[in-house]
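A.B. asks: Contents of entry.cif (mmCIF, C-alpha atoms) are given next:
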data_entry
#
loop_
_atom_site.group_PDB
_atom_site.id
_atom_site.type_symbol
_atom_site.label_atom_id
_atom_site.label_comp_id
_atom_site.auth_asym_id
_atom_site.auth_seq_id
_atom_site.Cartn_x
_atom_site.Cartn_y
_atom_site.Cartn_z
ATOM 1 C CA SER A 18 0.000 0.000 0.000
ATOM 2 C CA GLY A 19 2.825 2.426 -0.860
ATOM 3 C CA ALA A 20 2.833 5.405 -3.172
ATOM 4 C CA GLY A 21 2.888 3.111 -6.176
ATOM 5 C CA ALA A 22 -0.168 1.142 -5.108
ATOM 6 C CA GLY A 23 -2.170 2.629 -7.956
ATOM 7 C CA ILE A 24 0.110 1.130 -10.627
ATOM 8 C CA ARG A 25 -1.073 -2.173 -12.027
ATOM 9 C CA ALA A 26 0.318 -3.762 -15.216
ATOM 10 C CA GLY A 27 1.856 -0.475 -16.324
ATOM 11 C CA VAL A 28 -1.421 1.469 -16.005
ATOM 12 C CA LEU A 29 -1.712 4.377 -13.559
ATOM 13 C CA ARG A 30 -4.946 4.014 -11.596
ATOM 14 C CA VAL A 31 -5.782 7.140 -9.645
ATOM 15 C CA MET A 32 -7.832 6.213 -6.591
ATOM 16 C CA LEU A 33 -9.427 7.857 -3.585
ATOM 17 C CA SER A 34 -9.117 6.349 -0.115
ATOM 18 C CA VAL A 35 -11.486 7.176 2.716
ATOM 19 C CA VAL A 36 -9.952 6.581 6.144
ATOM 20 C CA MET A 37 -12.614 6.128 8.807
ATOM 21 C CA PRO A 38 -11.665 5.603 12.469
ATOM 22 C CA ALA A 39 -14.217 3.561 14.402
ATOM 23 C CA TYR A 40 -14.538 2.944 18.128
ATOM 24 C CA ASN A 41 -17.669 1.136 19.349
ATOM 25 C CA GLU A 42 -19.672 2.070 16.233
ATOM 26 C CA GLU A 43 -21.691 -1.147 15.890
ATOM 27 C CA ALA A 44 -24.965 0.812 15.802
ATOM 28 C CA VAL A 45 -24.047 3.086 12.889
ATOM 29 C CA ILE A 46 -21.004 1.828 10.963
ATOM 30 C CA ALA A 47 -22.937 -0.309 8.459
ATOM 31 C CA ALA A 48 -25.263 2.538 7.495
ATOM 32 C CA THR A 49 -22.362 4.995 7.237
ATOM 33 C CA VAL A 50 -20.187 2.744 5.074
ATOM 34 C CA THR A 51 -22.939 1.513 2.758
ATOM 35 C CA ALA A 52 -24.272 5.033 2.154
ATOM 36 C CA LEU A 53 -20.788 6.254 1.282
ATOM 37 C CA ALA A 54 -19.962 3.255 -0.915
ATOM 38 C CA ALA A 55 -23.249 3.602 -2.807
ATOM 39 C CA GLU A 56 -22.619 7.303 -3.425
ATOM 40 C CA LEU A 57 -19.068 6.710 -4.671
ATOM 41 C CA ASP A 58 -20.295 3.897 -6.933
ATOM 42 C CA ARG A 59 -22.995 6.156 -8.418
ATOM 43 C CA ALA A 60 -20.418 8.864 -9.088
ATOM 44 C CA ALA A 61 -18.000 6.351 -10.670
ATOM 45 C CA VAL A 62 -15.216 7.360 -8.277
ATOM 46 C CA PRO A 63 -12.441 4.729 -7.994
ATOM 47 C CA TYR A 64 -12.156 4.223 -4.255
ATOM 48 C CA GLU A 65 -11.502 2.192 -1.166
ATOM 49 C CA ILE A 66 -13.059 2.701 2.252
ATOM 50 C CA LEU A 67 -10.528 1.842 4.942
ATOM 51 C CA VAL A 68 -12.102 1.536 8.385
ATOM 52 C CA VAL A 69 -9.706 1.573 11.338
ATOM 53 C CA ASN A 70 -11.120 -0.455 14.211
ATOM 54 C CA ASP A 71 -9.759 1.287 17.293
ATOM 55 C CA LYS A 72 -10.098 -1.448 19.953
ATOM 56 C CA SER A 73 -13.892 -1.525 19.812
ATOM 57 C CA ARG A 74 -15.490 -3.487 22.613
ATOM 58 C CA ASP A 75 -18.847 -4.011 20.897
ATOM 59 C CA GLY A 76 -19.739 -5.783 17.640
ATOM 60 C CA THR A 77 -17.946 -3.335 15.324
ATOM 61 C CA GLU A 78 -15.453 -5.973 14.149
ATOM 62 C CA ARG A 79 -18.242 -8.407 13.225
ATOM 63 C CA VAL A 80 -20.069 -5.728 11.231
ATOM 64 C CA LEU A 81 -16.888 -4.784 9.394
ATOM 65 C CA LEU A 82 -16.268 -8.381 8.361
ATOM 66 C CA GLU A 83 -19.802 -8.541 6.976
ATOM 67 C CA LEU A 84 -19.302 -5.276 5.076
ATOM 68 C CA GLU A 85 -16.088 -6.567 3.527
ATOM 69 C CA ARG A 86 -17.950 -9.610 2.189
ATOM 70 C CA ASP A 87 -20.687 -7.504 0.592
ATOM 71 C CA TRP A 88 -18.724 -4.481 -0.608
ATOM 72 C CA PRO A 89 -15.507 -5.227 -2.546
ATOM 73 C CA HIS A 90 -13.998 -1.775 -2.014
ATOM 74 C CA VAL A 91 -14.353 -1.873 1.772
ATOM 75 C CA ARG A 92 -11.594 -3.172 4.044
ATOM 76 C CA HIS A 93 -10.525 -2.662 7.613
ATOM 77 C CA VAL A 94 -7.411 -2.691 9.739
ATOM 78 C CA THR A 95 -7.090 -2.877 13.505
ATOM 79 C CA ASN A 96 -5.156 -0.199 15.354
ATOM 80 C CA PRO A 97 -2.888 -2.098 17.796
ATOM 81 C CA GLY A 98 -2.430 0.984 19.963
ATOM 82 C CA PRO A 99 -2.021 3.507 21.323
ATOM 83 C CA HIS A 100 -5.686 4.364 20.895
ATOM 84 C CA GLY A 101 -7.745 7.482 20.337
ATOM 85 C CA TYR A 102 -9.147 9.317 17.307
ATOM 86 C CA GLY A 103 -5.814 10.766 16.213
ATOM 87 C CA CYS A 104 -3.932 7.516 16.704
ATOM 88 C CA ALA A 105 -6.532 5.629 14.673
ATOM 89 C CA VAL A 106 -6.392 8.154 11.829
ATOM 90 C CA ARG A 107 -2.593 8.031 11.813
ATOM 91 C CA HIS A 108 -2.744 4.229 11.589
ATOM 92 C CA GLY A 109 -5.091 4.547 8.629
ATOM 93 C CA LEU A 110 -2.803 7.081 6.959
ATOM 94 C CA ALA A 111 0.005 4.524 7.191
ATOM 95 C CA HIS A 112 -2.080 1.927 5.352
ATOM 96 C CA PHE A 113 -4.244 3.664 2.728
ATOM 97 C CA ALA A 114 -3.684 2.735 -0.912
ATOM 98 C CA GLY A 115 -5.055 5.748 -2.782
ATOM 99 C CA ASP A 116 -3.489 8.771 -4.408
ATOM 100 C CA ALA A 117 -5.572 11.016 -2.163
ATOM 101 C CA VAL A 118 -7.290 10.412 1.145
ATOM 102 C CA VAL A 119 -10.403 11.719 2.865
ATOM 103 C CA VAL A 120 -10.675 11.471 6.639
ATOM 104 C CA ALA A 121 -14.334 10.905 7.547
ATOM 105 C CA MET A 122 -16.298 10.058 10.661
ATOM 106 C CA ALA A 123 -17.865 6.628 11.205
ATOM 107 C CA ASP A 124 -20.971 8.069 12.859
ATOM 108 C CA GLY A 125 -22.645 9.297 9.667
ATOM 109 C CA SER A 126 -22.221 12.990 10.454
ATOM 110 C CA ASP A 127 -20.368 13.644 7.167
ATOM 111 C CA ALA A 128 -22.325 13.708 3.907
ATOM 112 C CA PRO A 129 -21.267 11.124 1.271
ATOM 113 C CA ALA A 130 -21.978 13.626 -1.516
ATOM 114 C CA ASP A 131 -19.314 15.912 -0.059
ATOM 115 C CA VAL A 132 -16.705 13.147 -0.467
ATOM 116 C CA VAL A 133 -17.474 13.126 -4.198
ATOM 117 C CA THR A 134 -17.113 16.916 -4.315
ATOM 118 C CA TYR A 135 -13.731 16.640 -2.602
ATOM 119 C CA TRP A 136 -12.581 14.126 -5.203
ATOM 120 C CA ARG A 137 -13.665 16.409 -8.045
ATOM 121 C CA ALA A 138 -11.510 19.157 -6.537
ATOM 122 C CA ILE A 139 -8.523 16.802 -6.517
ATOM 123 C CA GLU A 140 -9.253 15.910 -10.149
ATOM 124 C CA GLU A 141 -9.195 19.631 -10.952
ATOM 125 C CA GLY A 142 -5.635 19.822 -9.633
ATOM 126 C CA TYR A 143 -6.015 20.984 -6.035
ATOM 127 C CA ASP A 144 -3.711 19.504 -3.398
ATOM 128 C CA CYS A 145 -6.475 19.377 -0.803
ATOM 129 C CA ALA A 146 -10.189 19.899 -0.317
ATOM 130 C CA PHE A 147 -11.184 21.466 3.000
ATOM 131 C CA GLY A 148 -14.690 21.215 4.397
ATOM 132 C CA MET A 149 -16.319 24.375 5.747
ATOM 133 C CA ARG A 150 -19.235 23.791 8.118
ATOM 134 C CA PHE A 151 -20.209 27.378 8.854
ATOM 135 C CA GLY A 152 -21.149 29.791 6.095
ATOM 136 C CA PRO A 153 -23.140 30.022 2.854
ATOM 137 C CA GLY A 154 -24.238 26.715 1.381
ATOM 138 C CA THR A 155 -23.735 24.696 4.569
ATOM 139 C CA LYS A 156 -26.187 22.591 6.554
ATOM 140 C CA VAL A 157 -25.407 21.962 10.222
ATOM 141 C CA GLU A 158 -27.864 20.132 12.478
ATOM 142 C CA GLY A 159 -27.563 19.417 16.190
ATOM 143 C CA TYR A 160 -24.356 21.403 16.823
ATOM 144 C CA PRO A 161 -24.460 22.696 20.457
ATOM 145 C CA ARG A 162 -24.469 26.505 20.785
ATOM 146 C CA PHE A 163 -21.634 26.668 23.359
ATOM 147 C CA LYS A 164 -19.471 24.367 21.267
ATOM 148 C CA ARG A 165 -20.188 26.495 18.199
ATOM 149 C CA VAL A 166 -19.083 29.718 19.931
ATOM 150 C CA LEU A 167 -15.810 28.088 21.034
ATOM 151 C CA ASN A 168 -15.359 26.647 17.554
ATOM 152 C CA ARG A 169 -15.723 29.994 15.796
ATOM 153 C CA LEU A 170 -13.410 31.822 18.199
ATOM 154 C CA GLY A 171 -10.740 29.119 18.082
ATOM 155 C CA ASN A 172 -10.781 28.738 14.327
ATOM 156 C CA ARG A 173 -10.546 32.460 13.702
ATOM 157 C CA MET A 174 -7.538 32.603 16.016
ATOM 158 C CA ILE A 175 -5.810 29.798 14.085
ATOM 159 C CA ALA A 176 -6.613 31.479 10.767
ATOM 160 C CA TRP A 177 -5.015 34.696 12.016
ATOM 161 C CA LEU A 178 -1.919 32.860 13.261
ATOM 162 C CA VAL A 179 -1.291 31.148 9.913
ATOM 163 C CA GLY A 180 -2.416 34.065 7.738
ATOM 164 C CA SER A 181 -5.330 32.297 6.059
ATOM 165 C CA ASP A 182 -8.931 33.213 5.223
ATOM 166 C CA TYR A 183 -10.013 29.623 5.915
ATOM 167 C CA THR A 184 -11.744 29.269 9.299
ATOM 168 C CA ASP A 185 -12.563 25.601 9.942
ATOM 169 C CA PHE A 186 -9.226 24.088 10.952
ATOM 170 C CA THR A 187 -10.881 21.870 13.576
ATOM 171 C CA ASN A 188 -13.003 20.208 10.902
ATOM 172 C CA GLY A 189 -11.433 16.779 10.399
ATOM 173 C CA PHE A 190 -13.484 16.102 7.261
ATOM 174 C CA LYS A 191 -10.886 16.946 4.631
ATOM 175 C CA CYS A 192 -9.109 15.463 1.609
ATOM 176 C CA PHE A 193 -5.351 15.471 1.023
ATOM 177 C CA ARG A 194 -3.174 14.241 -1.818
ATOM 178 C CA ARG A 195 -0.758 11.519 -0.718
ATOM 179 C CA GLU A 196 2.283 13.758 -1.154
ATOM 180 C CA VAL A 197 0.739 16.384 1.147
ATOM 181 C CA VAL A 198 0.259 13.740 3.848
ATOM 182 C CA GLU A 199 3.862 12.628 3.382
ATOM 183 C CA ARG A 200 5.132 16.194 3.805
ATOM 184 C CA MET A 201 3.184 16.510 7.082
ATOM 185 C CA GLN A 202 5.114 13.746 8.767
ATOM 186 C CA PRO A 203 5.677 13.192 11.564
ATOM 187 C CA LEU A 204 2.085 13.551 12.748
ATOM 188 C CA VAL A 205 1.806 13.432 16.526
ATOM 189 C CA GLY A 206 -1.804 14.320 17.453
ATOM 190 C CA ALA A 207 -3.393 11.463 19.390
ATOM 191 C CA GLN A 208 -6.939 12.777 19.727
ATOM 192 C CA PHE A 209 -9.088 15.283 17.813
ATOM 193 C CA ASN A 210 -6.182 17.728 17.909
ATOM 194 C CA LEU A 211 -4.823 15.810 14.902
ATOM 195 C CA THR A 212 -7.382 17.663 12.764
ATOM 196 C CA VAL A 213 -5.762 20.986 13.669
ATOM 197 C CA GLU A 214 -2.270 19.611 13.150
ATOM 198 C CA MET A 215 -3.030 18.294 9.661
ATOM 199 C CA SER A 216 -4.904 21.426 8.574
ATOM 200 C CA MET A 217 -2.236 23.823 9.820
ATOM 201 C CA LYS A 218 0.623 21.814 8.332
ATOM 202 C CA ALA A 219 -1.099 21.741 4.948
ATOM 203 C CA VAL A 220 -1.715 25.505 4.951
ATOM 204 C CA LEU A 221 1.743 26.415 6.262
ATOM 205 C CA GLY A 222 3.223 24.039 3.665
ATOM 206 C CA ARG A 223 1.498 26.109 0.967
ATOM 207 C CA ALA A 224 -0.740 23.304 -0.237
ATOM 208 C CA ARG A 225 -3.295 24.529 -2.767
ATOM 209 C CA PHE A 226 -6.730 23.793 -1.324
ATOM 210 C CA ALA A 227 -10.350 24.181 -2.389
ATOM 211 C CA VAL A 228 -12.878 25.157 0.279
ATOM 212 C CA VAL A 229 -16.056 23.105 0.045
ATOM 213 C CA PRO A 230 -19.197 24.000 2.030
ATOM 214 C CA ASN A 231 -20.089 20.764 3.754
ATOM 215 C CA SER A 232 -22.952 19.395 5.787
ATOM 216 C CA TRP A 233 -22.721 18.128 9.350
ATOM 217 C CA ILE A 234 -25.499 16.223 11.117
ATOM 218 C CA GLU A 235 -25.461 15.040 14.727
ATOM 219 C CA ARG A 236 -24.953 11.284 14.971
ATOM 220 C CA ALA A 237 -28.128 9.199 14.820
ATOM 221 C CA ALA A 238 -27.015 6.585 17.358
ATOM 222 C CA GLY A 239 -24.130 5.706 19.639
ATOM 223 C CA GLU A 240 -22.114 8.022 21.856
ATOM 224 C CA SER A 241 -20.007 10.990 20.812
ATOM 225 C CA LYS A 242 -16.315 10.775 21.769
ATOM 226 C CA PHE A 243 -15.774 14.522 21.393
ATOM 227 C CA GLN A 244 -15.416 16.459 24.668
ATOM 228 C CA VAL A 245 -14.636 20.024 23.673
ATOM 229 C CA VAL A 246 -13.641 21.515 27.031
ATOM 230 C CA LYS A 247 -11.117 18.753 27.777
ATOM 231 C CA LEU A 248 -9.537 19.280 24.381
ATOM 232 C CA VAL A 249 -8.934 23.028 24.618
ATOM 233 C CA LYS A 250 -5.488 22.660 26.245
ATOM 234 C CA MET A 251 -4.575 19.941 23.771
ATOM 235 C CA TYR A 252 -5.569 22.171 20.839
ATOM 236 C CA LEU A 253 -3.484 25.046 22.199
ATOM 237 C CA ALA A 254 -0.457 22.783 22.632
ATOM 238 C CA THR A 255 -0.871 21.502 19.075
ATOM 239 C CA ILE A 256 -1.094 25.017 17.653
ATOM 240 C CA ALA A 257 2.100 26.004 19.485
ATOM 241 C CA TYR A 258 3.891 22.839 18.338
ATOM 242 C CA VAL A 259 3.003 23.295 14.661
ATOM 243 C CA LEU A 260 3.970 26.975 14.653
ATOM 244 C CA LEU A 261 7.285 26.245 16.380
ATOM 245 C CA GLN A 262 8.081 23.371 14.022
ATOM 246 C CA HIS A 263 7.282 25.560 11.015
ATOM 247 C CA ARG A 264 9.555 28.325 12.278
ATOM 248 C CA LEU A 265 12.396 25.886 12.929
ATOM 249 C CA GLN A 266 11.968 24.397 9.457
ATOM 250 C CA ARG A 267 12.086 27.830 7.842
ATOM 251 C CA GLY A 268 15.254 28.536 9.759
ATOM 252 C CA GLY A 269 16.800 25.283 8.569
ATOM 253 C CA ILE A 270 17.112 23.993 12.125
ATOM 254 C CA VAL A 271 14.911 20.925 11.551
ATOM 255 C CA ARG A 272 13.757 19.167 8.406
#
For this file, write the structure as structure tokens.

C.D. replies:
Amino acid sequence: SGAGAGIRAGVLRVMLSVVMPAYNEEAVIAATVTALAAELDRAAVPYEILVVNDKSRDGTERVLLELERDWPHVRHVTNPGPHGYGCAVRHGLAHFAGDAVVVAMADGSDAPADVVTYWRAIEEGYDCAFGMRFGPGTKVEGYPRFKRVLNRLGNRMIAWLVGSDYTDFTNGFKCFRREVVERMQPLVGAQFNLTVEMSMKAVLGRARFAVVPNSWIERAAGESKFQVVKLVKMYLATIAYVLLQHRLQRGGIVR
């Protein structure tokens, strides 16, 4: 599953991977994966859906095995640890086979049609496609008011720090070309702070990105793993780390 995974019999096959971390998602993972696979099939997008089972204690593994039997472009890997959203995504990024990768949630909160739109942006030549949940053309349902206020303040601060007009750095629903992911390494975020790390590194690395208004709907079943207040300190540490690393790289102190 290296950079040349798309080459078969001398023919370059450009493919999209969707990395989907899953922890105790038995109640929703089948609906999420089948809806996404059906949408990608309809749009004739060459794809794989790579689900990362992050030490689920319910029947997630059983459901994934059933999905693999019924859907040929679906596969899963198990994250051996350490665990957490960021760790699971990083494990998936070490194993995806495509030329570009979308990171999506297993709970069905991300719209399958937006994945197709991301892929079209990559086909047009962009390095990345960034989802934007707040603004014209977006549809957000069930997003708590307090969390939204913190989100807007935090994202505007990050945008100011990196000199960008984009203001949804904490949105993990994004698409990156393989080479952009490779330039981000090493990735260190273990929880949802990985979304900020990846977004900031892409922008500071001058990746060319399209901004795509995207929908977000509160999960239909299961339990959210996102606890915004506990993550504030982690986000701040990640922001400081990425900015420091970027400055050191510009100064030739680190690679």

A.B. asks: Enumerate, as a ChimeraX atom specification, the protein, DNA and RNA residues whose atoms approach (0.8, 25.7, -0.6) to within 12 Å, taking into account only C-alpha atoms and the coordinate frame of the file.

C.D. replies: /A:143-145,181,197,200,216-227

A.B. asks: Kindly indicate which residue among A:Gly268, A:Gly103, A:Pro38, A:Pro230 lies nearest to Ala123 (chain A), using only C-alpha atoms for the distances.

C.D. replies: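 Between A:Gly268, A:Gly103, A:Pro38, A:Pro230, the residue approaching Ala123 (chain A) most closely is A:Pro38.
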
A.B. asks: Which value, in Å to one decimal, gives the distance between CA of Glu214 (chain A) and CA of Thr255 (chain A)?

C.D. replies: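 Distance reported for this atom pair: 6.4 Å.
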
A.B. asks: To verify the selection step, state as a list of chain:residue names which residues the PyMOL selection byres ((chain A and resi 129) around 8) yields on this input.

C.D. replies: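 Applied to this file, the PyMOL selection byres ((chain A and resi 129) around 8) returns A:Ala52, A:Leu53, A:Glu56, A:Leu57, A:Asp127, A:Ala128, A:Ala130, A:Asp131, A:Val132, A:Val133.
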
A.B. asks: For Gly76 (chain A), which residue out of A:Leu261, A:Tyr102, A:Ile46, A:Lys191 is the nearest one, using all atoms listed in the file?

C.D. replies: A:Ile46

A.B. asks: For a cut-off of 12 Å around (-7.5, 21.6, -7.0), file coordinates, pick out all residues using all atoms listed in the file and list them as a ChimeraX atom specification.

C.D. replies: /A:117,134-147,192-194,224-229

A.B. asks: Could you expand the PyMOL selection byres ((chain A and resi 210) around 8) into the explicit residues it covers here, written as a ChimeraX atom specification?

C.D. replies: /A:103,187,206-209,211-214,248,251-252,255

A.B. asks: Would you translate the PyMOL selection byres ((chain A and resi 116) around 6) into the concrete set of residues it matches in this file, as a list in words?

C.D. replies: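 Evaluating the PyMOL selection byres ((chain A and resi 116) around 6) on these coordinates yields Val31, Met32, Gly115, Ala117 and Arg195 of chain A.
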
A.B. asks: To one decimal place in Å, what is the distance between CA of Ala60 (chain A) and CA of Phe113 (chain A)?

C.D. replies: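 Between CA of Ala60 (chain A) and CA of Phe113 (chain A) the gap is 20.7 Å.
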
A.B. asks: CA of Ala105 (chain A) to CA of Val36 (chain A): how many Å, to one decimal?

C.D. replies: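 Straight-line distance from CA of Ala105 (chain A) to CA of Val36 (chain A) works out to 9.2 Å.
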
A.B. asks: Could you check the closest approach to Met37 (chain A) for each of A:Arg79, A:His112, A:Arg169, A:Lys247 and tell me which residue wins, using all atoms listed in the file?

C.D. replies: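 Smallest distance to Met37 (chain A) is found for A:His112.
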